[in-house]
Structure formats: C-alpha cells, structure tokens
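The structure file run.txt is reproduced below (compact mmCIF, C-alpha atoms).
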# COMPACT_ATOMS: atom_id res chain seq x y z
CA MET A 251 70.11 151.61 110.57
CA THR A 252 67.69 152.13 113.45
CA GLN A 253 66.76 149.42 115.93
CA ASN A 254 63.37 148.99 114.29
CA GLU A 255 64.94 148.69 110.84
CA SER A 256 67.43 146.16 112.16
CA ALA A 257 64.62 144.15 113.73
CA ARG A 258 62.57 144.26 110.52
CA LEU A 259 65.51 143.08 108.42
CA ALA A 260 66.33 140.32 110.92
CA ARG A 261 62.71 139.14 110.75
CA LEU A 262 62.80 139.10 106.92
CA VAL A 263 66.00 137.04 106.97
CA ALA A 264 64.45 134.63 109.46
CA GLN A 265 61.35 134.31 107.26
CA TYR A 266 62.99 133.83 103.86
CA ARG A 267 66.41 132.50 104.94
CA PRO A 268 68.39 133.91 101.99
CA ARG A 269 71.95 132.61 101.72
CA VAL A 270 74.67 132.44 99.14
CA LEU A 271 75.26 128.82 98.14
CA GLU A 272 78.80 127.56 97.73
CA ALA A 273 77.95 125.47 94.69
CA THR A 274 81.25 125.46 92.85
CA THR A 275 81.00 122.32 90.73
CA ALA A 276 78.42 121.34 88.13
CA GLY A 277 77.24 118.51 90.36
CA GLU A 278 76.74 120.83 93.33
CA VAL A 279 74.61 123.16 91.19
CA VAL A 280 72.43 120.22 90.13
CA VAL A 281 72.00 119.15 93.76
CA GLU A 282 70.95 122.62 94.90
CA LEU A 283 68.45 123.03 92.05
CA ALA A 284 67.00 119.57 92.70
CA ARG A 285 66.49 120.47 96.37
CA THR A 286 63.80 122.94 95.26
CA ARG A 287 61.81 119.95 93.90
CA SER A 288 62.04 121.49 90.46
CA ASP A 289 61.18 119.40 87.42
CA PRO A 290 64.25 117.26 86.50
CA GLU A 291 64.13 118.50 82.91
CA GLY A 292 64.11 122.07 84.16
CA VAL A 293 67.07 121.31 86.41
CA GLY A 294 68.98 120.09 83.38
CA LEU A 295 68.20 123.28 81.50
CA MET A 296 69.05 125.61 84.37
CA ALA A 297 72.19 123.93 85.70
CA PRO A 298 74.58 125.40 83.08
CA LYS A 299 73.42 128.88 84.12
CA GLY A 300 74.35 128.30 87.75
CA ARG A 301 78.12 128.55 87.43
CA THR A 302 80.25 131.47 86.35
CA LEU A 303 83.69 130.47 85.16
CA LEU A 304 86.61 132.88 84.88
CA VAL A 305 88.98 131.76 82.15
CA ARG A 306 92.44 133.34 81.88
CA LEU A 307 94.16 133.66 78.50
CA ASP A 308 97.59 135.01 77.64
CA ASP A 309 99.15 136.48 74.52
CA VAL A 310 95.84 137.29 72.83
CA PRO A 311 96.76 139.24 69.67
CA LEU A 312 95.85 142.93 69.41
CA LYS A 313 93.37 142.42 66.59
CA ALA A 314 91.71 139.46 68.29
CA ALA A 315 91.15 141.00 71.75
CA PRO A 316 88.35 143.51 70.90
CA LEU A 317 86.56 140.94 68.77
CA LEU A 318 86.80 138.41 71.60
CA LYS A 319 85.24 140.89 74.02
CA GLN A 320 82.55 141.73 71.48
CA GLU A 321 81.63 138.08 71.03
CA MET A 322 81.60 137.52 74.80
CA LEU A 323 79.18 140.43 75.21
CA SER A 324 77.02 139.05 72.40
CA VAL A 325 76.35 135.86 74.38
CA GLY A 326 75.65 137.76 77.62
CA ALA A 327 79.14 137.29 79.08
CA ASP A 328 82.11 139.66 79.35
CA ALA A 329 85.88 139.88 79.05
CA ALA A 330 88.70 142.03 80.42
CA HIS A 331 91.91 142.86 78.61
CA ALA A 332 94.75 145.41 78.76
CA ARG A 333 93.73 149.05 78.32
CA GLY A 334 96.52 149.34 75.75
CA ILE A 335 94.33 147.45 73.29
CA ALA A 336 92.23 150.60 72.82
CA ASP A 337 95.13 152.80 71.67
CA HIS A 338 97.15 149.99 70.06
CA SER A 339 100.02 150.51 72.47
CA VAL A 340 100.38 146.77 73.10
CA ALA A 341 100.71 143.93 70.59
CA HIS A 342 99.33 141.19 72.88
CA THR A 343 97.27 141.10 76.05
CA PRO A 344 96.24 138.76 78.81
CA ALA A 345 92.48 138.39 79.09
CA VAL A 346 90.00 137.09 81.63
CA LEU A 347 86.70 135.80 80.28
CA ILE A 348 83.61 135.75 82.51
CA GLY A 349 80.72 133.50 81.58
CA THR A 350 78.59 130.47 82.29
CA PRO A 351 79.24 127.07 80.69
CA GLY A 352 76.30 127.66 78.35
CA GLN A 353 77.66 131.02 77.27
CA TYR A 354 81.07 129.50 76.57
CA ARG A 355 79.46 126.84 74.37
CA ARG A 356 77.73 129.51 72.32
CA LEU A 357 80.97 131.49 72.19
CA ALA A 358 82.91 128.53 70.77
CA THR A 359 80.41 128.21 67.93
CA LYS A 360 80.68 131.91 67.10
CA LEU A 361 84.49 132.00 67.26
CA ARG A 362 84.89 129.20 64.73
CA ARG A 363 84.08 131.63 61.93
CA GLN A 364 86.15 134.56 63.19
CA PRO A 365 89.61 135.65 61.92
CA PHE A 366 92.77 136.64 63.81
CA ARG A 367 93.23 133.16 65.35
CA LEU A 368 90.00 133.46 67.31
CA SER A 369 88.94 129.98 66.16
CA GLU A 370 92.10 128.60 67.82
CA ILE A 371 91.42 130.60 70.96
CA GLY A 372 87.87 129.27 71.10
CA GLU A 373 89.10 125.70 70.71
CA ALA A 374 91.64 126.15 73.52
CA VAL A 375 89.06 127.73 75.86
CA GLU A 376 86.57 124.96 75.20
CA ALA A 377 89.22 122.30 75.94
CA ALA A 378 90.26 124.01 79.19
CA ILE A 379 86.68 124.16 80.47
CA ASP A 380 85.99 120.54 79.55
CA ARG A 381 89.19 119.39 81.25
CA PHE A 382 88.61 121.52 84.34
CA SER A 383 85.24 119.86 84.92
CA ALA A 384 86.19 116.29 83.98
CA ARG A 385 87.00 113.38 86.24
CA PRO A 386 90.49 111.91 86.12
CA PRO A 387 90.92 108.51 84.47
CA GLU A 388 89.98 105.49 86.55
CA SER A 389 93.53 104.17 86.33
CA LEU A 390 96.83 104.45 84.52
CA ARG A 391 98.67 101.54 82.96
CA GLY A 392 101.84 101.09 84.98
CA VAL A 393 104.78 99.14 83.61
CA HIS A 394 104.12 96.21 85.96
CA ARG A 395 100.98 97.11 87.94
CA PRO A 396 97.93 99.30 87.24
CA ILE A 397 97.85 102.67 89.00
CA PRO A 398 94.35 103.33 90.37
CA LEU A 399 93.02 106.89 90.23
CA GLY A 400 89.76 108.69 89.79
CA ASP A 401 87.41 107.52 92.50
CA ARG A 402 89.29 109.19 95.37
CA THR A 403 92.50 111.02 96.24
CA ARG A 404 95.36 108.54 96.46
CA VAL A 405 98.17 108.68 99.02
CA MET A 406 101.75 108.15 97.85
CA GLY A 407 104.19 107.18 100.60
CA VAL A 408 107.75 108.54 100.47
CA VAL A 409 110.66 106.10 100.73
CA ASN A 410 113.89 108.11 100.82
CA VAL A 411 116.96 105.89 100.45
CA THR A 412 119.26 108.87 100.99
CA PRO A 413 121.65 110.16 103.65
CA ASP A 414 120.68 113.83 103.23
CA SER A 415 116.94 114.27 102.65
CA PHE A 416 115.58 117.22 104.63
CA PHE A 417 113.27 115.18 106.90
CA ASP A 418 114.29 111.52 107.05
CA GLY A 419 117.74 111.49 105.47
CA GLY A 420 119.78 108.48 106.62
CA VAL A 421 116.88 106.84 108.46
CA HIS A 422 116.12 104.30 105.72
CA LEU A 423 119.48 104.18 103.95
CA GLU A 424 120.00 100.44 104.46
CA PRO A 425 118.01 98.43 101.86
CA THR A 426 116.44 96.09 104.42
CA GLU A 427 115.21 99.04 106.49
CA ALA A 428 113.98 100.87 103.37
CA VAL A 429 111.97 97.84 102.28
CA ALA A 430 110.56 97.36 105.78
CA HIS A 431 109.60 101.05 105.88
CA ALA A 432 107.91 100.80 102.48
CA LEU A 433 105.84 97.82 103.57
CA ARG A 434 104.89 99.64 106.79
CA LEU A 435 103.58 102.49 104.65
CA VAL A 436 101.53 100.01 102.62
CA ALA A 437 100.11 98.56 105.84
CA GLU A 438 99.19 102.11 106.90
CA GLY A 439 97.17 102.54 103.71
CA ALA A 440 99.56 103.92 101.08
CA ASP A 441 98.13 103.55 97.57
CA LEU A 442 101.54 104.04 95.93
CA LEU A 443 105.19 104.18 96.99
CA ASP A 444 107.77 106.70 95.75
CA VAL A 445 111.36 105.44 96.05
CA GLY A 446 114.20 107.93 95.64
CA GLY A 447 117.98 107.70 95.92
CA GLU A 448 118.95 111.35 95.44
CA SER A 449 117.85 114.20 97.70
CA THR A 450 116.19 117.10 95.89
CA ARG A 451 115.97 119.39 98.90
CA PRO A 452 117.12 123.00 98.29
CA GLY A 453 120.90 123.10 97.98
CA ALA A 454 121.31 119.32 97.80
CA ALA A 455 124.34 118.09 95.88
CA SER A 456 123.83 115.82 92.88
CA VAL A 457 124.93 112.19 93.03
CA SER A 458 126.04 109.94 90.18
CA ALA A 459 123.64 107.57 88.49
CA ARG A 460 125.75 104.67 89.78
CA ALA A 461 125.44 105.86 93.40
CA GLU A 462 121.71 106.46 93.01
CA LEU A 463 121.16 102.98 91.61
CA ARG A 464 123.30 101.42 94.31
CA ARG A 465 120.91 102.87 96.88
CA ILE A 466 117.55 102.10 95.28
CA GLY A 467 118.28 99.00 93.20
CA PRO A 468 117.99 96.42 96.01
CA VAL A 469 114.89 98.20 97.36
CA LEU A 470 113.08 98.15 94.02
CA GLU A 471 114.05 94.55 93.39
CA ALA A 472 112.62 93.49 96.75
CA LEU A 473 109.44 95.52 96.30
CA ARG A 474 108.79 94.07 92.85
CA ASP A 475 107.29 90.99 94.47
CA ALA A 476 106.67 92.24 98.01
CA SER A 477 104.65 95.40 97.27
CA PRO A 478 100.96 95.01 96.44
CA VAL A 479 100.79 98.66 95.35
CA PRO A 480 102.45 100.46 92.41
CA VAL A 481 105.98 101.80 92.91
CA SER A 482 107.29 105.09 91.52
CA VAL A 483 110.97 105.94 91.07
CA ASP A 484 111.87 109.52 92.00
CA THR A 485 114.73 110.40 89.65
CA ARG A 486 115.76 112.92 86.99
CA LYS A 487 118.23 110.62 85.26
CA ALA A 488 117.14 108.48 82.31
CA GLU A 489 119.76 105.84 83.11
CA VAL A 490 118.39 105.44 86.62
CA ALA A 491 114.78 105.48 85.45
CA LYS A 492 115.44 102.72 82.89
CA ALA A 493 117.11 100.47 85.44
CA ALA A 494 114.35 101.17 87.97
CA LEU A 495 111.60 100.22 85.51
CA ASP A 496 113.47 97.01 84.69
CA LEU A 497 113.73 96.25 88.42
CA GLY A 498 109.99 96.66 89.05
CA ALA A 499 109.09 100.35 89.17
CA ASP A 500 105.78 101.24 87.52
CA LEU A 501 106.14 104.96 86.86
CA VAL A 502 108.72 107.76 86.85
CA ASN A 503 108.53 110.86 89.06
CA ASP A 504 110.75 113.42 87.33
CA VAL A 505 111.38 116.74 89.12
CA GLU A 506 112.68 118.14 85.81
CA ALA A 507 109.39 117.51 83.95
CA LEU A 508 111.00 115.32 81.27
CA HIS A 509 113.39 118.15 80.39
CA GLN A 510 116.08 115.70 79.31
CA PRO A 511 115.53 114.27 75.78
CA ALA A 512 116.82 110.88 76.94
CA MET A 513 114.10 110.76 79.59
CA ARG A 514 111.41 111.58 77.03
CA ARG A 515 112.70 108.85 74.72
CA LEU A 516 112.61 106.36 77.61
CA ILE A 517 109.01 107.22 78.44
CA VAL A 518 108.03 106.80 74.79
CA ARG A 519 109.85 103.46 74.51
CA THR A 520 108.55 101.91 77.75
CA GLY A 521 105.08 103.45 77.88
CA ALA A 522 105.67 104.24 81.56
CA PRO A 523 103.52 106.91 83.18
CA ALA A 524 105.49 110.00 84.20
CA ILE A 525 104.96 112.79 86.71
CA LEU A 526 106.12 116.12 85.27
CA MET A 527 107.05 118.50 88.09
CA HIS A 528 107.80 122.20 87.78
CA MET A 529 111.17 123.32 89.06
CA ARG A 530 113.16 126.41 88.19
CA GLY A 531 116.85 125.51 87.94
CA THR A 532 118.19 122.47 89.78
CA PRO A 533 118.05 121.44 93.45
CA PRO A 534 121.40 123.14 94.19
CA THR A 535 120.25 126.41 92.54
CA MET A 536 116.47 126.52 92.63
CA GLN A 537 116.06 128.81 95.65
CA ARG A 538 118.46 131.47 94.37
CA ASP A 539 115.79 133.11 92.22
CA THR A 540 112.16 132.90 93.29
CA LYS A 541 110.99 136.08 91.53
CA TYR A 542 108.14 135.59 89.07
CA ASP A 543 106.31 138.26 87.11
CA ASP A 544 103.15 136.14 87.35
CA LEU A 545 103.66 133.03 89.47
CA ARG A 546 100.67 130.92 88.46
CA ASP A 547 100.80 131.91 84.81
CA GLU A 548 104.50 131.08 84.49
CA ILE A 549 104.24 127.71 86.24
CA TYR A 550 101.09 126.75 84.33
CA GLY A 551 102.76 127.81 81.08
CA SER A 552 105.95 125.91 81.87
CA LEU A 553 104.03 122.70 82.57
CA ALA A 554 101.95 123.22 79.41
CA VAL A 555 105.14 123.50 77.34
CA SER A 556 106.63 120.39 78.98
CA VAL A 557 103.46 118.44 78.24
CA ALA A 558 103.33 119.66 74.64
CA THR A 559 106.99 118.77 74.06
CA ALA A 560 106.50 115.27 75.45
CA ILE A 561 103.39 114.62 73.35
CA GLU A 562 105.02 115.99 70.19
CA GLU A 563 107.84 113.48 70.68
CA GLY A 564 105.51 110.52 71.06
CA VAL A 565 104.53 110.33 74.75
CA GLY A 566 100.86 109.41 75.07
CA PRO A 567 98.69 111.97 76.88
CA GLU A 568 97.32 109.11 78.97
CA GLN A 569 100.82 108.57 80.42
CA LEU A 570 101.17 112.03 81.97
CA LEU A 571 100.60 113.49 85.43
CA ILE A 572 101.59 117.00 86.54
CA ASP A 573 102.97 118.50 89.76
CA PRO A 574 103.27 122.28 90.39
CA GLY A 575 106.40 121.62 92.47
CA LEU A 576 105.67 123.10 95.90
CA GLY A 577 108.99 124.00 97.51
CA PHE A 578 110.97 123.83 94.28
CA GLY A 579 112.08 127.33 93.35
CA LYS A 580 109.27 129.12 95.18
CA SER A 581 109.06 131.28 98.28
CA GLY A 582 106.87 130.37 101.24
CA GLU A 583 104.15 132.80 100.17
CA GLN A 584 104.28 131.51 96.60
CA ASN A 585 103.78 127.93 97.76
CA LEU A 586 100.68 128.99 99.68
CA GLU A 587 99.35 130.81 96.61
CA LEU A 588 99.83 127.71 94.48
CA LEU A 589 98.09 125.52 97.04
CA HIS A 590 95.19 127.97 97.23
CA HIS A 591 94.80 128.07 93.43
CA LEU A 592 95.68 124.45 92.72
CA GLY A 593 92.34 123.85 90.98
CA GLU A 594 93.46 126.00 88.05
CA PHE A 595 95.87 123.25 87.03
CA ARG A 596 92.94 120.91 86.34
CA SER A 597 92.47 122.90 83.14
CA LEU A 598 95.60 121.27 81.71
CA GLY A 599 93.74 117.98 81.72
CA TYR A 600 96.11 115.67 83.61
CA PRO A 601 95.97 114.08 87.08
CA ILE A 602 97.60 116.38 89.63
CA VAL A 603 100.23 115.25 92.12
CA VAL A 604 101.05 117.45 95.13
CA GLY A 605 103.91 117.06 97.57
CA ALA A 606 103.75 119.41 100.55
CA SER A 607 104.64 117.01 103.36
CA ARG A 608 107.00 118.43 106.02
CA LYS A 609 108.25 121.18 103.65
CA SER A 610 109.73 124.45 104.87
CA PHE A 611 106.81 126.67 103.81
CA LEU A 612 104.66 124.73 106.28
CA GLY A 613 107.20 125.50 109.00
CA THR A 614 107.11 129.19 108.08
CA ALA A 615 103.32 129.23 108.36
CA LEU A 616 103.68 127.68 111.83
CA GLY A 617 106.19 130.25 113.03
CA HIS A 618 109.37 128.56 111.76
CA ALA A 619 108.59 125.10 113.10
CA PRO A 620 111.25 122.45 112.33
CA PRO A 621 110.43 119.51 110.00
CA GLU A 622 109.60 117.17 112.87
CA ASP A 623 106.92 119.61 114.08
CA ARG A 624 105.02 120.05 110.80
CA LEU A 625 102.74 117.01 110.84
CA GLU A 626 99.41 118.79 111.29
CA ALA A 627 100.24 121.44 108.69
CA GLY A 628 101.17 118.70 106.21
CA ILE A 629 97.85 116.94 106.75
CA ALA A 630 96.00 120.24 106.29
CA ALA A 631 97.90 120.86 103.06
CA ALA A 632 96.95 117.39 101.80
CA VAL A 633 93.29 118.06 102.61
CA LEU A 634 93.38 121.41 100.79
CA ALA A 635 95.09 119.80 97.81
CA ALA A 636 92.50 117.03 97.64
CA ARG A 637 89.63 119.49 97.75
CA GLU A 638 91.24 121.54 95.00
CA GLY A 639 91.63 118.57 92.71
CA ALA A 640 94.78 116.61 93.51
CA SER A 641 94.62 112.99 92.37
CA ILE A 642 97.68 112.01 94.43
CA VAL A 643 99.23 113.52 97.56
CA ARG A 644 102.85 112.57 98.22
CA VAL A 645 103.51 112.31 101.98
CA HIS A 646 105.87 111.04 104.66
CA ASP A 647 103.06 110.49 107.18
CA VAL A 648 100.80 107.96 105.53
CA ARG A 649 98.44 106.75 108.25
CA PRO A 650 97.14 110.16 109.44
CA THR A 651 96.91 111.39 105.85
CA VAL A 652 94.92 108.34 104.77
CA ARG A 653 92.49 108.95 107.62
CA ALA A 654 92.16 112.62 106.67
CA MET A 655 91.58 111.69 103.02
CA ARG A 656 88.81 109.34 104.03
CA LEU A 657 86.88 112.25 105.49
CA VAL A 658 87.56 114.41 102.43
CA ASP A 659 86.32 111.68 100.13
CA ALA A 660 83.25 111.02 102.30
CA VAL A 661 82.32 114.71 102.17
CA ARG A 662 82.91 114.75 98.42
CA ARG A 663 80.52 111.84 97.98
CA GLY A 664 77.91 113.39 100.21
CA GLY A 665 78.54 110.85 102.96
CA TRP A 666 77.74 107.87 100.75
CA GLU A 667 80.50 105.73 102.18
CA SER A 668 80.70 103.65 105.32
CA ALA A 669 83.36 104.03 107.99
CA ASP A 670 85.46 101.18 106.56
CA GLY A 671 85.53 102.78 103.11
CA THR A 672 82.93 100.57 101.40
CA PRO A 673 80.14 102.23 99.40
CA ARG A 674 76.64 102.27 100.82
CA ALA A 675 73.29 103.33 99.44
CA PRO A 676 72.13 106.90 100.08
CA ALA A 677 69.44 107.53 102.66
CA ARG A 678 65.87 107.55 101.35
CA ARG A 679 65.36 111.24 102.07
CA ALA A 680 68.23 111.97 99.68
CA SER A 681 66.78 109.88 96.85
CA THR A 682 66.52 112.89 94.53
CA ARG A 683 70.13 113.77 95.12
CA ARG A 684 72.86 112.88 92.66
CA ALA A 685 76.36 111.94 93.69
CA ARG A 686 78.51 114.96 92.99
CA PRO A 687 81.32 114.74 90.48
CA GLY A 688 84.60 114.45 92.37
CA ARG A 689 87.30 117.09 92.34
CA SER A 690 90.08 114.59 92.66
CA GLY A 691 91.91 115.57 89.52
CA ALA A 692 91.75 116.39 85.88
CA ALA A 693 91.27 114.07 82.94

Mind turning the file's structure into structure tokens?
Amino acid sequence: MTQNESARLARLVAQYRPRVLEATTAGEVVVELARTRSDPEGVGLMAPKGRTLLVRLDDVPLKAAPLLKQEMLSVGADAAHARGIADHSVAHTPAVLIGTPGQYRRLATKLRRQPFRLSEIGEAVEAAIDRFSARPPESLRGVHRPIPLGDRTRVMGVVNVTPDSFFDGGVHLEPTEAVAHALRLVAEGADLLDVGGESTRPGAASVSARAELRRIGPVLEALRDASPVPVSVDTRKAEVAKAALDLGADLVNDVEALHQPAMRRLIVRTGAPAILMHMRGTPPTMQRDTKYDDLRDEIYGSLAVSVATAIEEGVGPEQLLIDPGLGFGKSGEQNLELLHHLGEFRSLGYPIVVGASRKSFLGTALGHAPPEDRLEAGIAAAVLAAREGASIVRVHDVRPTVRAMRLVDAVRRGGWESADGTPRAPARRASTRRARPGRSGAA
C-alpha cells in the first residue's frame, strides 16, 4: 500500500470509525443496537440476529448428521461434522452448529418432525442455548440458611481444619483458631464459608470419617450460631456430610460429584444443595493420568452424567451446583484451558463454582512461584472466572477478591452501583440503555 493509499484509508477510518463490537451477550447486543437510536421495536426484532452461537454436539448418529446439516443450511445457518459421514466410515460424529438464536429457534421447530433422533437433538440444543443465556437462581435453599446467588459473583472463604493442606495446612487446626479465622473471613466480606477436615491436594492421604469429624465438628457447631453467612462442608464421605448438616452446615461440597450412592441418598433425604466437582481418580491418584482425548468434552460429559444420575435418583435440579475441578486431575495447561472456556459450562444449566486460589497451575504461569507468592494470579483467576460465568469463587484470600469482584460486578452492571455496593440510578444520558444480563452463572 502506497503512502497516499494509507493516508486515504486512515482518513476513511477517521470519518466512519468502523470497529468490531465485543457484544457477546444478548443484553450487550440490545445495548449496541439501542445506541443507534433505532426504534425499540426494531431493536427487539434485530437483536436475535446479532449473536452467532457455536453449539458443540457429540455422538450424533450417522443417519442424523447429514440431515442436521441440511436443516441448519435451510434456516441460513451451518454445521460441521466428521468427513467420514460422507463415505459412511464412522457410525457417530461430533458436530459444531453455527447459527443465531433466531435460526436455532427455527431449527428446533423443523427438527421436531425429523427421524433418526433429530427431535431429541433439537430439544437438547434448545435447552443448552436457553441455559447458557439464563441468569442463575436468586438463591438456593440451604439446610439452615438461604444461599444467595444470581445478582453478583459470590466469594466463598476457605477454612481448612487440616494439618496438610497445600497452602494453609496446620494454621487453623485448633477449633478456636479455625472459628476465629472463619469469622475474620466473614468480616472481610465472604458470602459463604467452606469448612473442610481432609486435604484434597494432589497426593494427600485419606483420613477416616471419625478423624475428619473430630476436626470440623466443633468448628461447625460454633459457626451454627456465630456465622451470619451460609456454611459449606467440604467432604466426600456421606457419614461426615450427614453429621455436618446436623451440626449446622447448609450445603455439601463433594469433590467426587456425588459418586457415592450413600451421598446421593443423603442429598435426596435432606434436600441439601450440593456442589458436584469433576475429579479423575482420588486425591492420592488424580495427577497420575492427566491425558484426555478432548479435555472440555470429557469433563463436561462427566459432569452431565453425574447430574443426570443424581436427578434420576431423586435429587432436585434446584439443589445442584457444578465445579470443573481446576487442579484435580489436570495439567497446568489444561487448567488454563478450562478457565478460558469456563462459559461453556453454563450450558449445563447449574450455578458454577470455581476454585483456583493459590493452586499450582497459577505458580507455573508465574514461573514456578510457591503458594505464598500466588495472590495476584489467584485474584486474576477469580476475575476471569466471574466474567465467564462463575456464580461462586472459592478463595483463601477473601478481602482482595471481594474488592476485585466489586469491580467486575460494577462493569457487568454498566457502572450502576455506588462505591459501597448499593444500587444507584443510571445517569440521564444512559436512559435508553438497559442493564445487561449478568454472566454470573447458569440457571
């Protein structure tokens, strides 16, 4: 390009100011269209055309795949599948659908009358899109206290009553110190507390239910009356979870995703909310095999199966939260990939919990920094998780994370919040602007 051509192009850019808009949510599309002073009715009609959604499917049957692509093309969208579909060399294929929300709605109508399980596929795609775009519930019903969600990303403070946790093992082992630490976290702004009596760091040895209860029992009993915020028990043992709920815990954080039938029966019987976390193997073994054929697909699928199993056995969908399990059976690079693509998990339709605080993959990203030197990376991870849709971030460092979350939530609301966290009215010049739907989780 000559100097004159460069100057001409620069002048055109200065005159028309073309730019690609990062409008990734439905609310952001509405805002950008409204900024043109377009007719509100026209904005409503055009908004569904402003977002292209890529939807991944797996195990689409051979006979269904070409029909699915055909129907996508018929509504102006498209689909990709394995080349082996053409010569019938594969029996099933993954697929990626590419379309706008409006095109997917038309697709769902068309697929209802198609054979080869396409009606089921259409139903599943429609549910995933609806869940991806939905807000999380306003709150969950805890056993003793309500668990607020929905309006912003909540901060869960870690209370390790263990001698061998990777970051603060032994620091809060005495019940009086553990309770004092928990109340300090509440004073720093923690929305929830997570009390655990067994370390789940890589390679950690299991402890008996009796030993676990001996550590956390007095802490939970004291917090039952002393804590103004909900308390979670971090355990994979049904016996411990039952005792903890009786002592005042409000929900169960299970790193085995309710794998044990006894834990599922307990959740059904008590109605307690439960966090289902992905982990391959057990804490002593989980880092021995971190090879995945398709990381995100396998973890998403594993959580989907755990959710389906729990619901089939009587657990209410409204009781469930999910956690992709950063640091549990994943390499450093895989943890970063999951954090980057965390938003995909909103399609499952459950509030997302993320625990990245002080973990080793943060140290690797910082050049092998030790746990005590990972504060800033942990805060950055919490910010990224919140922007990608986490409803709850589980952290050791509550005060700085709470302050970081306040900025994230203020940006999400378009600045419609005062410095002390109370809502305020939008400025007059923004009167045509709608508050954007939050990305704090999935409903």

(request) Counting only C-alpha atoms, figure out which residue out of A:Gly566, A:Gly599, A:Gly407, A:Gly613 gets nearest to A:Ala374. (result) A:Gly599

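Within 10 Å of A:Ile561, once all atoms listed in the file are used and residues closer than 5 positions along the same chain are dropped, the contacting residues are Arg514, Val518, Val555, Ser556, Gly566, Pro567, Glu568, Gln569 and Leu570 of chain A.
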
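Minimum atom-to-atom distances from A:Glu321, A:Asp496, A:Asp309, A:Glu563 to A:Thr343 were compared using all atoms listed in the file, and the lowest value belongs to A:Asp309.
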
(request) Might you pull out every residue within 12 Å of A:Pro534, with all atoms listed in the file counted and same-chain residues fewer than 5 positions away left off, and present them as a list in words? (result) Ser449, Thr450, Arg451, Pro452, Gly453, Ala454, Ala455, Ser456, Val457, Met529, Asp539, Phe578 and Gly579 of chain A

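What separates atom CA of A:Pro351 from atom CA of A:Val281 is a distance of 16.9 Å.
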
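Between atom CA of A:Leu553 and atom CA of A:Ala512 there is a distance of 18.3 Å.
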
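One distance worth recording is that between atom CA of A:His528 and atom CA of A:Val409, which is 20.9 Å.
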
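Nearest-residue note for A:Asp500: choosing from A:Arg460, A:Arg538, A:Arg395, A:Lys580, the minimum distance belongs to A:Arg395, counting all atoms listed in the file.
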
(request) Write out as a PyMOL selection string which residues come within 12 Å of A:Leu295 when counting only C-alpha atoms, dropping same-chain ones fewer than 5 positions away. (result) chain A and resi 279-280+283-284+288-290+300+351-352

Preceding selection exported with C-alpha atoms as a compact mmCIF listing (two decimals), in the frame of the given file:
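Full text of result_28.txt as output:
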# COMPACT_ATOMS: atom_id res chain seq x y z
CA VAL A 279 74.61 123.16 91.19
CA VAL A 280 72.43 120.22 90.13
CA LEU A 283 68.45 123.03 92.05
CA ALA A 284 67.00 119.57 92.70
CA SER A 288 62.04 121.49 90.46
CA ASP A 289 61.18 119.40 87.42
CA PRO A 290 64.25 117.26 86.50
CA GLY A 300 74.35 128.30 87.75
CA PRO A 351 79.24 127.07 80.69
CA GLY A 352 76.30 127.66 78.35

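Among the candidate residues A:Ala606, A:Leu463, A:Ala654, A:Ile549, the one lying nearest to A:Gly577 is A:Ala606, with distances computed using all atoms listed in the file.
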
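For the set A:Ser597, A:Ser482, A:Ser641, A:Thr275, the residue with the smallest atom-to-atom gap to A:Asp380 is A:Ser597, counting only C-alpha atoms.
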
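Among the candidates A:Asp441, A:Met527, A:Leu304, A:Thr485, the residue lying nearest to A:Ser552 is A:Met527 (atoms considered: only C-alpha atoms).
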
(request) Considering all atoms listed in the file, return as a ChimeraX atom specification whatever protein or nucleic-acid residues lie within 12 Å of A:Asp544, sequence-local ones (same chain, fewer than 4 positions apart) excluded. (result) /A:308,344,540,548-552,584,587-588

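Those residues that approach A:Gly372 to within 8 Å, counting only C-alpha atoms, are Leu357, Ala358, Leu361, Arg362, Leu368 and Glu376 of chain A; same-chain residues fewer than 4 positions away are not listed.
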
May I have the residues from that selection written out with C-alpha atoms, as an mmCIF file, in the frame of the given file?
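Written output follows (out-v8.cif):
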data_model
loop_
_atom_site.group_PDB
_atom_site.id
_atom_site.type_symbol
_atom_site.label_atom_id
_atom_site.label_comp_id
_atom_site.auth_asym_id
_atom_site.auth_seq_id
_atom_site.Cartn_x
_atom_site.Cartn_y
_atom_site.Cartn_z
ATOM 1 C CA LEU A 357 80.970 131.490 72.190
ATOM 2 C CA ALA A 358 82.910 128.530 70.770
ATOM 3 C CA LEU A 361 84.490 132.000 67.260
ATOM 4 C CA ARG A 362 84.890 129.200 64.730
ATOM 5 C CA LEU A 368 90.000 133.460 67.310
ATOM 6 C CA GLU A 376 86.570 124.960 75.200
#

Completion step: stretch 403-415 of chain A with N, CA and C atoms as an mmCIF file, in the frame of the given file:
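Heads up, here's the output in selection04.cif:
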data_model
loop_
_atom_site.group_PDB
_atom_site.id
_atom_site.type_symbol
_atom_site.label_atom_id
_atom_site.label_comp_id
_atom_site.auth_asym_id
_atom_site.auth_seq_id
_atom_site.Cartn_x
_atom_site.Cartn_y
_atom_site.Cartn_z
ATOM 1 N N THR A 403 91.126 110.538 96.205
ATOM 2 C CA THR A 403 92.500 111.020 96.240
ATOM 3 C C THR A 403 93.406 109.923 96.793
ATOM 4 N N ARG A 404 94.454 109.613 96.067
ATOM 5 C CA ARG A 404 95.360 108.540 96.460
ATOM 6 C C ARG A 404 96.538 109.102 97.254
ATOM 7 N N VAL A 405 97.059 108.284 98.162
ATOM 8 C CA VAL A 405 98.170 108.680 99.020
ATOM 9 C C VAL A 405 99.428 107.940 98.586
ATOM 10 N N MET A 406 100.469 108.703 98.255
ATOM 11 C CA MET A 406 101.750 108.150 97.850
ATOM 12 C C MET A 406 102.726 108.278 99.022
ATOM 13 N N GLY A 407 103.256 107.167 99.476
ATOM 14 C CA GLY A 407 104.190 107.180 100.600
ATOM 15 C C GLY A 407 105.624 107.359 100.140
ATOM 16 N N VAL A 408 106.368 108.214 100.835
ATOM 17 C CA VAL A 408 107.750 108.540 100.470
ATOM 18 C C VAL A 408 108.716 107.537 101.098
ATOM 19 N N VAL A 409 109.599 106.994 100.259
ATOM 20 C CA VAL A 409 110.660 106.100 100.730
ATOM 21 C C VAL A 409 111.983 106.700 100.272
ATOM 22 N N ASN A 410 112.618 107.462 101.142
ATOM 23 C CA ASN A 410 113.890 108.110 100.820
ATOM 24 C C ASN A 410 115.057 107.198 101.200
ATOM 25 N N VAL A 411 115.780 106.719 100.200
ATOM 26 C CA VAL A 411 116.960 105.890 100.450
ATOM 27 C C VAL A 411 118.175 106.809 100.263
ATOM 28 N N THR A 412 118.254 107.808 101.125
ATOM 29 C CA THR A 412 119.260 108.870 100.990
ATOM 30 C C THR A 412 119.844 109.218 102.355
ATOM 31 N N PRO A 413 121.069 109.740 102.374
ATOM 32 C CA PRO A 413 121.650 110.160 103.650
ATOM 33 C C PRO A 413 121.346 111.608 104.001
ATOM 34 N N ASP A 414 120.754 112.385 103.043
ATOM 35 C CA ASP A 414 120.680 113.830 103.230
ATOM 36 C C ASP A 414 119.337 114.450 102.904
ATOM 37 N N SER A 415 118.252 113.669 102.856
ATOM 38 C CA SER A 415 116.940 114.270 102.650
ATOM 39 C C SER A 415 116.590 115.158 103.846
#
